[in-house]
Each structure stands twice: as structure tokens, then as C-alpha cells.
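File shown: upload_1.txt. Contents: compact mmCIF, N, CA and C atoms.
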# COMPACT_ATOMS: atom_id res chain seq x y z
N GLN A 1 0.55 -9.80 -9.08
CA GLN A 1 0.46 -8.39 -9.41
C GLN A 1 1.46 -8.05 -10.50
N VAL A 2 0.98 -7.35 -11.52
CA VAL A 2 1.84 -6.97 -12.63
C VAL A 2 2.71 -5.80 -12.20
N GLN A 3 4.03 -5.94 -12.38
CA GLN A 3 4.97 -4.88 -12.06
C GLN A 3 5.32 -4.09 -13.32
N LEU A 4 5.77 -2.85 -13.10
CA LEU A 4 6.11 -1.97 -14.21
C LEU A 4 7.56 -1.52 -14.10
N VAL A 5 8.24 -1.45 -15.23
CA VAL A 5 9.62 -0.96 -15.28
C VAL A 5 9.76 0.04 -16.41
N GLU A 6 10.11 1.28 -16.05
CA GLU A 6 10.31 2.32 -17.06
C GLU A 6 11.76 2.34 -17.54
N SER A 7 11.95 2.82 -18.75
CA SER A 7 13.28 3.03 -19.30
C SER A 7 13.20 4.07 -20.41
N GLY A 8 14.36 4.51 -20.88
CA GLY A 8 14.40 5.44 -22.00
C GLY A 8 14.72 6.87 -21.62
N GLY A 9 14.83 7.15 -20.33
CA GLY A 9 15.16 8.50 -19.91
C GLY A 9 16.62 8.82 -20.19
N GLY A 10 16.98 10.09 -19.98
CA GLY A 10 18.36 10.50 -20.19
C GLY A 10 18.47 12.00 -20.31
N LEU A 11 19.62 12.43 -20.78
CA LEU A 11 19.90 13.85 -20.99
C LEU A 11 19.70 14.18 -22.46
N VAL A 12 18.95 15.22 -22.72
CA VAL A 12 18.66 15.62 -24.10
C VAL A 12 18.67 17.15 -24.18
N GLN A 13 19.05 17.67 -25.33
CA GLN A 13 19.06 19.11 -25.51
C GLN A 13 17.65 19.62 -25.79
N PRO A 14 17.39 20.88 -25.49
CA PRO A 14 16.08 21.46 -25.83
C PRO A 14 15.78 21.28 -27.31
N GLY A 15 14.54 20.91 -27.59
CA GLY A 15 14.13 20.63 -28.96
C GLY A 15 14.31 19.18 -29.37
N GLY A 16 14.97 18.41 -28.53
CA GLY A 16 15.21 17.01 -28.84
C GLY A 16 14.03 16.11 -28.51
N SER A 17 14.24 14.82 -28.73
CA SER A 17 13.17 13.83 -28.53
C SER A 17 13.68 12.66 -27.71
N LEU A 18 12.75 12.04 -27.01
CA LEU A 18 13.00 10.80 -26.29
C LEU A 18 11.73 9.96 -26.36
N ARG A 19 11.90 8.65 -26.29
CA ARG A 19 10.75 7.77 -26.14
C ARG A 19 10.93 6.93 -24.88
N LEU A 20 10.00 7.09 -23.98
CA LEU A 20 10.01 6.30 -22.75
C LEU A 20 9.20 5.03 -22.96
N SER A 21 9.66 3.96 -22.34
CA SER A 21 8.96 2.69 -22.36
C SER A 21 8.62 2.26 -20.94
N CYS A 22 7.51 1.61 -20.81
CA CYS A 22 7.08 1.07 -19.52
C CYS A 22 6.65 -0.37 -19.78
N VAL A 23 7.51 -1.29 -19.41
CA VAL A 23 7.26 -2.71 -19.68
C VAL A 23 6.62 -3.37 -18.47
N ALA A 24 5.52 -4.04 -18.72
CA ALA A 24 4.82 -4.76 -17.65
C ALA A 24 5.32 -6.19 -17.56
N SER A 25 5.30 -6.72 -16.34
CA SER A 25 5.80 -8.09 -16.11
C SER A 25 4.80 -9.15 -16.54
N GLY A 26 3.58 -8.71 -16.88
CA GLY A 26 2.57 -9.65 -17.34
C GLY A 26 1.65 -8.97 -18.34
N SER A 27 0.60 -9.67 -18.70
CA SER A 27 -0.33 -9.14 -19.69
C SER A 27 -1.05 -7.89 -19.18
N ILE A 28 -1.22 -6.94 -20.08
CA ILE A 28 -1.95 -5.71 -19.74
C ILE A 28 -3.30 -5.67 -20.45
N LEU A 29 -3.71 -6.81 -21.03
CA LEU A 29 -4.98 -6.82 -21.77
C LEU A 29 -6.16 -6.43 -20.89
N ASP A 30 -6.14 -6.83 -19.63
CA ASP A 30 -7.26 -6.54 -18.74
C ASP A 30 -7.08 -5.25 -17.96
N ILE A 31 -6.01 -4.53 -18.25
CA ILE A 31 -5.75 -3.25 -17.56
C ILE A 31 -6.22 -2.13 -18.47
N HIS A 32 -7.30 -1.46 -18.05
CA HIS A 32 -7.92 -0.49 -18.94
C HIS A 32 -7.45 0.94 -18.70
N VAL A 33 -6.91 1.23 -17.54
CA VAL A 33 -6.51 2.58 -17.21
C VAL A 33 -5.02 2.59 -16.89
N MET A 34 -4.27 3.29 -17.71
CA MET A 34 -2.83 3.43 -17.52
C MET A 34 -2.46 4.90 -17.72
N GLY A 35 -1.29 5.27 -17.22
CA GLY A 35 -0.92 6.66 -17.37
C GLY A 35 0.55 6.93 -17.17
N TRP A 36 0.94 8.12 -17.56
CA TRP A 36 2.29 8.64 -17.34
C TRP A 36 2.16 9.87 -16.44
N TYR A 37 3.03 9.93 -15.43
CA TYR A 37 3.12 11.07 -14.53
C TYR A 37 4.56 11.53 -14.51
N ARG A 38 4.77 12.73 -13.98
CA ARG A 38 6.13 13.20 -13.78
C ARG A 38 6.20 14.03 -12.51
N GLN A 39 7.39 14.06 -11.97
CA GLN A 39 7.62 14.84 -10.76
C GLN A 39 8.96 15.55 -10.87
N ALA A 40 8.89 16.87 -10.94
CA ALA A 40 10.09 17.68 -10.95
C ALA A 40 10.57 17.91 -9.52
N ALA A 41 11.82 18.24 -9.37
CA ALA A 41 12.39 18.47 -8.05
C ALA A 41 11.63 19.57 -7.31
N GLY A 42 11.19 19.26 -6.12
CA GLY A 42 10.50 20.24 -5.30
C GLY A 42 9.05 20.49 -5.68
N LYS A 43 8.53 19.68 -6.61
CA LYS A 43 7.15 19.87 -7.05
C LYS A 43 6.35 18.60 -6.85
N GLN A 44 5.03 18.74 -6.92
CA GLN A 44 4.15 17.59 -6.80
C GLN A 44 4.13 16.78 -8.09
N ARG A 45 3.83 15.51 -7.94
CA ARG A 45 3.69 14.66 -9.12
C ARG A 45 2.46 15.11 -9.90
N GLU A 46 2.60 15.14 -11.23
CA GLU A 46 1.50 15.61 -12.07
C GLU A 46 1.24 14.63 -13.21
N LEU A 47 0.00 14.60 -13.65
CA LEU A 47 -0.38 13.73 -14.76
C LEU A 47 0.14 14.30 -16.06
N VAL A 48 0.77 13.47 -16.86
CA VAL A 48 1.23 13.86 -18.19
C VAL A 48 0.25 13.35 -19.24
N ALA A 49 -0.15 12.09 -19.13
CA ALA A 49 -1.07 11.52 -20.10
C ALA A 49 -1.79 10.34 -19.46
N GLY A 50 -3.06 10.23 -19.76
CA GLY A 50 -3.85 9.12 -19.26
C GLY A 50 -4.47 8.36 -20.42
N LEU A 51 -4.43 7.02 -20.33
CA LEU A 51 -5.03 6.17 -21.35
C LEU A 51 -6.15 5.39 -20.69
N GLY A 52 -7.37 5.60 -21.19
CA GLY A 52 -8.52 4.96 -20.57
C GLY A 52 -9.14 3.90 -21.44
N THR A 53 -10.35 3.54 -21.06
CA THR A 53 -11.06 2.51 -21.80
C THR A 53 -11.42 3.00 -23.19
N GLY A 54 -11.54 2.06 -24.10
CA GLY A 54 -11.90 2.42 -25.47
C GLY A 54 -10.81 3.14 -26.22
N GLY A 55 -9.59 3.10 -25.70
CA GLY A 55 -8.48 3.75 -26.40
C GLY A 55 -8.44 5.26 -26.26
N ILE A 56 -9.22 5.79 -25.35
CA ILE A 56 -9.24 7.25 -25.17
C ILE A 56 -7.96 7.68 -24.45
N THR A 57 -7.30 8.69 -24.98
CA THR A 57 -6.06 9.20 -24.40
C THR A 57 -6.18 10.70 -24.19
N ASN A 58 -5.78 11.14 -23.02
CA ASN A 58 -5.77 12.57 -22.70
C ASN A 58 -4.37 13.00 -22.33
N HIS A 59 -3.95 14.16 -22.82
CA HIS A 59 -2.64 14.70 -22.51
C HIS A 59 -2.79 16.02 -21.79
N ALA A 60 -1.90 16.28 -20.85
CA ALA A 60 -1.91 17.54 -20.12
C ALA A 60 -1.70 18.70 -21.10
N PRO A 61 -2.30 19.84 -20.84
CA PRO A 61 -2.14 20.98 -21.75
C PRO A 61 -0.69 21.36 -22.00
N SER A 62 0.15 21.17 -21.00
CA SER A 62 1.56 21.58 -21.12
C SER A 62 2.33 20.71 -22.11
N VAL A 63 1.81 19.52 -22.43
CA VAL A 63 2.54 18.63 -23.33
C VAL A 63 1.76 18.32 -24.60
N LYS A 64 0.53 18.76 -24.68
CA LYS A 64 -0.31 18.46 -25.84
C LYS A 64 0.35 18.99 -27.11
N GLY A 65 0.38 18.13 -28.12
CA GLY A 65 1.02 18.50 -29.38
C GLY A 65 2.50 18.16 -29.43
N ARG A 66 3.07 17.85 -28.28
CA ARG A 66 4.50 17.48 -28.22
C ARG A 66 4.70 16.03 -27.76
N PHE A 67 3.87 15.57 -26.86
CA PHE A 67 3.99 14.22 -26.30
C PHE A 67 2.82 13.37 -26.80
N THR A 68 3.11 12.09 -26.99
CA THR A 68 2.07 11.13 -27.36
C THR A 68 2.24 9.87 -26.55
N ALA A 69 1.21 9.50 -25.82
CA ALA A 69 1.21 8.26 -25.05
C ALA A 69 0.41 7.21 -25.82
N TYR A 70 0.93 6.00 -25.83
CA TYR A 70 0.21 4.91 -26.50
C TYR A 70 0.67 3.60 -25.91
N ARG A 71 -0.08 2.56 -26.20
CA ARG A 71 0.24 1.25 -25.65
C ARG A 71 0.28 0.20 -26.75
N ASP A 72 1.07 -0.82 -26.49
CA ASP A 72 1.15 -1.97 -27.39
C ASP A 72 0.86 -3.20 -26.54
N ASN A 73 -0.36 -3.67 -26.60
CA ASN A 73 -0.74 -4.81 -25.75
C ASN A 73 0.04 -6.07 -26.10
N SER A 74 0.44 -6.21 -27.35
CA SER A 74 1.17 -7.42 -27.75
C SER A 74 2.55 -7.48 -27.11
N LYS A 75 3.06 -6.31 -26.71
CA LYS A 75 4.37 -6.24 -26.07
C LYS A 75 4.26 -5.90 -24.59
N ASN A 76 3.04 -5.83 -24.09
CA ASN A 76 2.80 -5.46 -22.68
C ASN A 76 3.55 -4.19 -22.30
N THR A 77 3.48 -3.21 -23.17
CA THR A 77 4.29 -2.01 -23.00
C THR A 77 3.48 -0.75 -23.23
N LEU A 78 3.75 0.23 -22.40
CA LEU A 78 3.20 1.58 -22.53
C LEU A 78 4.34 2.49 -22.95
N TYR A 79 4.06 3.40 -23.87
CA TYR A 79 5.10 4.30 -24.38
C TYR A 79 4.71 5.76 -24.17
N LEU A 80 5.74 6.60 -24.12
CA LEU A 80 5.54 8.05 -24.14
C LEU A 80 6.56 8.64 -25.10
N GLN A 81 6.08 9.04 -26.27
CA GLN A 81 6.94 9.70 -27.25
C GLN A 81 6.96 11.19 -26.93
N MET A 82 8.14 11.72 -26.70
CA MET A 82 8.28 13.12 -26.30
C MET A 82 9.11 13.86 -27.35
N ASN A 83 8.51 14.84 -27.98
CA ASN A 83 9.18 15.64 -29.00
C ASN A 83 9.26 17.09 -28.55
N ASN A 84 10.17 17.84 -29.18
CA ASN A 84 10.33 19.26 -28.87
C ASN A 84 10.43 19.48 -27.36
N LEU A 85 11.31 18.75 -26.73
CA LEU A 85 11.45 18.82 -25.28
C LEU A 85 11.96 20.19 -24.83
N LYS A 86 11.47 20.58 -23.67
CA LYS A 86 11.82 21.88 -23.09
C LYS A 86 12.46 21.67 -21.72
N PRO A 87 13.24 22.63 -21.25
CA PRO A 87 13.86 22.47 -19.92
C PRO A 87 12.83 22.21 -18.83
N GLU A 88 11.64 22.76 -18.98
CA GLU A 88 10.60 22.55 -17.96
C GLU A 88 10.02 21.15 -17.97
N ASP A 89 10.41 20.33 -18.94
CA ASP A 89 10.01 18.93 -18.96
C ASP A 89 10.91 18.06 -18.09
N THR A 90 11.98 18.65 -17.57
CA THR A 90 12.89 17.90 -16.71
C THR A 90 12.17 17.39 -15.47
N ALA A 91 12.24 16.08 -15.26
CA ALA A 91 11.51 15.46 -14.15
C ALA A 91 11.82 13.97 -14.14
N VAL A 92 11.38 13.30 -13.09
CA VAL A 92 11.33 11.85 -13.07
C VAL A 92 9.96 11.45 -13.61
N TYR A 93 9.97 10.58 -14.58
CA TYR A 93 8.73 10.15 -15.23
C TYR A 93 8.35 8.75 -14.74
N TYR A 94 7.07 8.61 -14.38
CA TYR A 94 6.55 7.36 -13.85
C TYR A 94 5.37 6.88 -14.70
N CYS A 95 5.26 5.58 -14.86
CA CYS A 95 4.04 5.02 -15.43
C CYS A 95 3.27 4.34 -14.31
N ASN A 96 1.97 4.20 -14.54
CA ASN A 96 1.16 3.49 -13.55
C ASN A 96 -0.04 2.87 -14.20
N TYR A 97 -0.75 2.05 -13.44
CA TYR A 97 -2.03 1.54 -13.90
C TYR A 97 -2.96 1.39 -12.70
N LEU A 98 -4.24 1.37 -13.03
CA LEU A 98 -5.29 1.20 -12.02
C LEU A 98 -5.99 -0.12 -12.29
N TYR A 99 -6.03 -0.98 -11.28
CA TYR A 99 -6.68 -2.28 -11.44
C TYR A 99 -7.27 -2.70 -10.11
N ASN A 100 -8.53 -3.09 -10.15
CA ASN A 100 -9.22 -3.48 -8.91
C ASN A 100 -9.10 -2.43 -7.83
N GLY A 101 -9.18 -1.15 -8.25
CA GLY A 101 -9.17 -0.07 -7.28
C GLY A 101 -7.82 0.28 -6.70
N LYS A 102 -6.76 -0.32 -7.23
CA LYS A 102 -5.43 -0.08 -6.69
C LYS A 102 -4.50 0.43 -7.79
N PHE A 103 -3.70 1.42 -7.43
CA PHE A 103 -2.69 1.93 -8.35
C PHE A 103 -1.36 1.18 -8.14
N THR A 104 -0.71 0.86 -9.24
CA THR A 104 0.63 0.29 -9.20
C THR A 104 1.55 1.19 -10.01
N TRP A 105 2.72 1.49 -9.44
CA TRP A 105 3.66 2.43 -10.06
C TRP A 105 4.97 1.74 -10.42
N GLY A 106 5.60 2.29 -11.46
CA GLY A 106 6.97 1.89 -11.75
C GLY A 106 7.93 2.69 -10.89
N GLN A 107 9.22 2.43 -11.08
CA GLN A 107 10.23 3.07 -10.23
C GLN A 107 10.65 4.44 -10.74
N GLY A 108 10.30 4.76 -11.97
CA GLY A 108 10.60 6.06 -12.54
C GLY A 108 11.87 6.08 -13.37
N THR A 109 11.93 7.02 -14.30
CA THR A 109 13.11 7.23 -15.12
C THR A 109 13.35 8.73 -15.26
N GLN A 110 14.60 9.14 -15.10
CA GLN A 110 14.93 10.57 -15.10
C GLN A 110 15.05 11.09 -16.53
N VAL A 111 14.40 12.21 -16.77
CA VAL A 111 14.54 12.94 -18.02
C VAL A 111 15.08 14.33 -17.70
N THR A 112 16.20 14.68 -18.31
CA THR A 112 16.80 15.98 -18.09
C THR A 112 16.96 16.68 -19.44
N VAL A 113 16.37 17.86 -19.54
CA VAL A 113 16.44 18.64 -20.77
C VAL A 113 17.32 19.86 -20.50
N SER A 114 18.48 19.87 -21.11
CA SER A 114 19.44 20.94 -20.83
C SER A 114 20.44 21.04 -21.97
N SER A 115 20.89 22.27 -22.20
CA SER A 115 21.93 22.49 -23.20
C SER A 115 23.32 22.47 -22.55

Produce C-alpha cells that represent the structure in this file.
Amino acid sequence: QVQLVESGGGLVQPGGSLRLSCVASGSILDIHVMGWYRQAAGKQRELVAGLGTGGITNHAPSVKGRFTAYRDNSKNTLYLQMNNLKPEDTAVYYCNYLYNGKFTWGQGTQVTVSS
């Protein structure tokens, strides 16, 4: 089973940028559905961006135009470029994938947006 490890989180001021990485322990060539989720304190986990078959990517309305999710199969890595960050983006960010009907999650990385 391919494991996922996120990194790139941290403390950033409003309006700043971060790029999250999600490195897989093996090839992701056969993994067609991947995504980024986030969970703020006291709230449910929510979808931030989903990457499906054929390179189709969907972003949540709250991040559209500010966040971009993409993958690099040659590096077995999923990325989330986050620009113009807002305090409401503060959360633990998780990557995941769906394979053979099962979801696999990373351990998460904390993003805090504060002045």
C-alpha cells in the first residue's frame, strides 16, 4: 500500500503563500483520484481540491482562484499551491487517494494564517 506524507505547512501572514507537498512512498501512475482536504479546529473535514481521471481538477469555491492542486507523477508527489492566504484557511491539511475502493490518508500538516 502506498503511503502519503505531507509537508510544507507553517505559519504565514494573511496574503502570503505556501506550497504543500504530498509525497507518496511508491508510484502514483495507477492512482487516478487524489485530493486535498482540510480540517479546522472544531469543524468537519472538507474537500479543498480533487484531482480525477484525465487530469480534471476541481477546487472548492472558497479557494478557487487562490489555490491550485496539481501532481507530478515523475516525483510521485501531489502539490497544493496556496496564494493570498486568509485566516479562515487555518487548518490541518491532508492529502488522500482512492484506489481499489479504499481511501488512504496522510498524517496532515498544519497551516496557520495569522498576523

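Here the question is which of A:Gln3, A:Gly26, A:Gly9, A:Tyr97 gets nearest to Thr112 (chain A) using only N, CA and C atoms, and that residue is A:Gly9.
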
Which residues are near Arg19 (chain A)? Cut-off 8 Å, only N, CA and C atoms, ignore same chain within fewer than 5 positions. Put them as a PyMOL selection string.
chain A and resi 7-9+79-83

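Nearest residue to Glu6 (chain A) among A:Leu51, A:Ala24, A:Leu18, A:Lys75 is A:Ala24, counting all atoms listed in the file.
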
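Going from CA of Cys22 (chain A) to CA of Gly42 (chain A) covers 24.1 Å.
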
Among region 18-103 of chain A, which residues does DSSP mark as strand (DSSP E or B) when it is run on the backbone? Keep the chain and numbering as in the structure and answer as a VMD selection string.
chain A and resid 18 to 24 33 to 39 46 to 51 57 to 59 67 to 72 77 to 82 91 to 99 102 to 103

Just to be explicit: take each residue in the selection above, keep N, CA and C atoms, and write the result as a compact mmCIF listing (two decimals), in the coordinates of the input.
# COMPACT_ATOMS: atom_id res chain seq x y z
N LEU A 18 12.75 12.04 -27.01
CA LEU A 18 13.00 10.80 -26.29
C LEU A 18 11.73 9.96 -26.36
N ARG A 19 11.90 8.65 -26.29
CA ARG A 19 10.75 7.77 -26.14
C ARG A 19 10.93 6.93 -24.88
N LEU A 20 10.00 7.09 -23.98
CA LEU A 20 10.01 6.30 -22.75
C LEU A 20 9.20 5.03 -22.96
N SER A 21 9.66 3.96 -22.34
CA SER A 21 8.96 2.69 -22.36
C SER A 21 8.62 2.26 -20.94
N CYS A 22 7.51 1.61 -20.81
CA CYS A 22 7.08 1.07 -19.52
C CYS A 22 6.65 -0.37 -19.78
N VAL A 23 7.51 -1.29 -19.41
CA VAL A 23 7.26 -2.71 -19.68
C VAL A 23 6.62 -3.37 -18.47
N ALA A 24 5.52 -4.04 -18.72
CA ALA A 24 4.82 -4.76 -17.65
C ALA A 24 5.32 -6.19 -17.56
N VAL A 33 -6.91 1.23 -17.54
CA VAL A 33 -6.51 2.58 -17.21
C VAL A 33 -5.02 2.59 -16.89
N MET A 34 -4.27 3.29 -17.71
CA MET A 34 -2.83 3.43 -17.52
C MET A 34 -2.46 4.90 -17.72
N GLY A 35 -1.29 5.27 -17.22
CA GLY A 35 -0.92 6.66 -17.37
C GLY A 35 0.55 6.93 -17.17
N TRP A 36 0.94 8.12 -17.56
CA TRP A 36 2.29 8.64 -17.34
C TRP A 36 2.16 9.87 -16.44
N TYR A 37 3.03 9.93 -15.43
CA TYR A 37 3.12 11.07 -14.53
C TYR A 37 4.56 11.53 -14.51
N ARG A 38 4.77 12.73 -13.98
CA ARG A 38 6.13 13.20 -13.78
C ARG A 38 6.20 14.03 -12.51
N GLN A 39 7.39 14.06 -11.97
CA GLN A 39 7.62 14.84 -10.76
C GLN A 39 8.96 15.55 -10.87
N GLU A 46 2.60 15.14 -11.23
CA GLU A 46 1.50 15.61 -12.07
C GLU A 46 1.24 14.63 -13.21
N LEU A 47 0.00 14.60 -13.65
CA LEU A 47 -0.38 13.73 -14.76
C LEU A 47 0.14 14.30 -16.06
N VAL A 48 0.77 13.47 -16.86
CA VAL A 48 1.23 13.86 -18.19
C VAL A 48 0.25 13.35 -19.24
N ALA A 49 -0.15 12.09 -19.13
CA ALA A 49 -1.07 11.52 -20.10
C ALA A 49 -1.79 10.34 -19.46
N GLY A 50 -3.06 10.23 -19.76
CA GLY A 50 -3.85 9.12 -19.26
C GLY A 50 -4.47 8.36 -20.42
N LEU A 51 -4.43 7.02 -20.33
CA LEU A 51 -5.03 6.17 -21.35
C LEU A 51 -6.15 5.39 -20.69
N THR A 57 -7.30 8.69 -24.98
CA THR A 57 -6.06 9.20 -24.40
C THR A 57 -6.18 10.70 -24.19
N ASN A 58 -5.78 11.14 -23.02
CA ASN A 58 -5.77 12.57 -22.70
C ASN A 58 -4.37 13.00 -22.33
N HIS A 59 -3.95 14.16 -22.82
CA HIS A 59 -2.64 14.70 -22.51
C HIS A 59 -2.79 16.02 -21.79
N PHE A 67 3.87 15.57 -26.86
CA PHE A 67 3.99 14.22 -26.30
C PHE A 67 2.82 13.37 -26.80
N THR A 68 3.11 12.09 -26.99
CA THR A 68 2.07 11.13 -27.36
C THR A 68 2.24 9.87 -26.55
N ALA A 69 1.21 9.50 -25.82
CA ALA A 69 1.21 8.26 -25.05
C ALA A 69 0.41 7.21 -25.82
N TYR A 70 0.93 6.00 -25.83
CA TYR A 70 0.21 4.91 -26.50
C TYR A 70 0.67 3.60 -25.91
N ARG A 71 -0.08 2.56 -26.20
CA ARG A 71 0.24 1.25 -25.65
C ARG A 71 0.28 0.20 -26.75
N ASP A 72 1.07 -0.82 -26.49
CA ASP A 72 1.15 -1.97 -27.39
C ASP A 72 0.86 -3.20 -26.54
N THR A 77 3.48 -3.21 -23.17
CA THR A 77 4.29 -2.01 -23.00
C THR A 77 3.48 -0.75 -23.23
N LEU A 78 3.75 0.23 -22.40
CA LEU A 78 3.20 1.58 -22.53
C LEU A 78 4.34 2.49 -22.95
N TYR A 79 4.06 3.40 -23.87
CA TYR A 79 5.10 4.30 -24.38
C TYR A 79 4.71 5.76 -24.17
N LEU A 80 5.74 6.60 -24.12
CA LEU A 80 5.54 8.05 -24.14
C LEU A 80 6.56 8.64 -25.10
N GLN A 81 6.08 9.04 -26.27
CA GLN A 81 6.94 9.70 -27.25
C GLN A 81 6.96 11.19 -26.93
N MET A 82 8.14 11.72 -26.70
CA MET A 82 8.28 13.12 -26.30
C MET A 82 9.11 13.86 -27.35
N ALA A 91 12.24 16.08 -15.26
CA ALA A 91 11.51 15.46 -14.15
C ALA A 91 11.82 13.97 -14.14
N VAL A 92 11.38 13.30 -13.09
CA VAL A 92 11.33 11.85 -13.07
C VAL A 92 9.96 11.45 -13.61
N TYR A 93 9.97 10.58 -14.58
CA TYR A 93 8.73 10.15 -15.23
C TYR A 93 8.35 8.75 -14.74
N TYR A 94 7.07 8.61 -14.38
CA TYR A 94 6.55 7.36 -13.85
C TYR A 94 5.37 6.88 -14.70
N CYS A 95 5.26 5.58 -14.86
CA CYS A 95 4.04 5.02 -15.43
C CYS A 95 3.27 4.34 -14.31
N ASN A 96 1.97 4.20 -14.54
CA ASN A 96 1.16 3.49 -13.55
C ASN A 96 -0.04 2.87 -14.20
N TYR A 97 -0.75 2.05 -13.44
CA TYR A 97 -2.03 1.54 -13.90
C TYR A 97 -2.96 1.39 -12.70
N LEU A 98 -4.24 1.37 -13.03
CA LEU A 98 -5.29 1.20 -12.02
C LEU A 98 -5.99 -0.12 -12.29
N TYR A 99 -6.03 -0.98 -11.28
CA TYR A 99 -6.68 -2.28 -11.44
C TYR A 99 -7.27 -2.70 -10.11
N LYS A 102 -6.76 -0.32 -7.23
CA LYS A 102 -5.43 -0.08 -6.69
C LYS A 102 -4.50 0.43 -7.79
N PHE A 103 -3.70 1.42 -7.43
CA PHE A 103 -2.69 1.93 -8.35
C PHE A 103 -1.36 1.18 -8.14

At what distance in Å, to one decimal, does CA of Gly101 (chain A) lie from CA of Arg38 (chain A)?
21.3 Å

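From CA of Lys86 (chain A) back to CA of Gly52 (chain A), the distance works out to 26.6 Å.
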
Return as number ranges by chain the full set of residues in chain A whose backbone-based DSSP assignment is helix (DSSP H, G or I).
A: 53-55, 73-75, 87-89

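Considering all atoms listed in the file, the residue among A:Gly35, A:Gly108, A:Gly50, A:Pro87 positioned nearest to Gly15 (chain A) is A:Pro87.
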
Please complete region 24-30 of chain A with all heavy atoms and give it back as a compact mmCIF listing (two decimals), in the frame of the given file.
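Writing the result to out-v2.txt gives the following:
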# COMPACT_ATOMS: atom_id res chain seq x y z
N ALA A 24 5.52 -4.04 -18.72
CA ALA A 24 4.82 -4.76 -17.65
C ALA A 24 5.32 -6.19 -17.56
O ALA A 24 5.69 -6.79 -18.56
CB ALA A 24 3.33 -4.75 -17.92
N SER A 25 5.30 -6.72 -16.34
CA SER A 25 5.80 -8.09 -16.11
C SER A 25 4.80 -9.15 -16.54
O SER A 25 5.14 -10.34 -16.55
CB SER A 25 6.15 -8.27 -14.63
OG SER A 25 5.00 -8.07 -13.82
N GLY A 26 3.58 -8.71 -16.88
CA GLY A 26 2.57 -9.65 -17.34
C GLY A 26 1.65 -8.97 -18.34
O GLY A 26 1.88 -7.83 -18.75
N SER A 27 0.60 -9.67 -18.70
CA SER A 27 -0.33 -9.14 -19.69
C SER A 27 -1.05 -7.89 -19.18
O SER A 27 -1.42 -7.82 -18.02
CB SER A 27 -1.36 -10.21 -20.04
OG SER A 27 -2.35 -9.65 -20.89
N ILE A 28 -1.22 -6.94 -20.08
CA ILE A 28 -1.95 -5.71 -19.74
C ILE A 28 -3.30 -5.67 -20.45
O ILE A 28 -3.97 -4.63 -20.46
CB ILE A 28 -1.14 -4.43 -20.06
CG1 ILE A 28 -0.84 -4.34 -21.55
CG2 ILE A 28 0.14 -4.39 -19.24
CD1 ILE A 28 -0.21 -3.01 -21.96
N LEU A 29 -3.71 -6.81 -21.03
CA LEU A 29 -4.98 -6.82 -21.77
C LEU A 29 -6.16 -6.43 -20.89
O LEU A 29 -7.09 -5.76 -21.36
CB LEU A 29 -5.21 -8.20 -22.36
CG LEU A 29 -4.40 -8.53 -23.62
CD1 LEU A 29 -4.66 -9.98 -24.05
CD2 LEU A 29 -4.76 -7.58 -24.75
N ASP A 30 -6.14 -6.83 -19.63
CA ASP A 30 -7.26 -6.54 -18.74
C ASP A 30 -7.08 -5.25 -17.96
O ASP A 30 -7.90 -4.93 -17.10
CB ASP A 30 -7.45 -7.70 -17.76
CG ASP A 30 -7.91 -8.97 -18.46
OD1 ASP A 30 -8.60 -8.86 -19.51
OD2 ASP A 30 -7.57 -10.07 -17.98
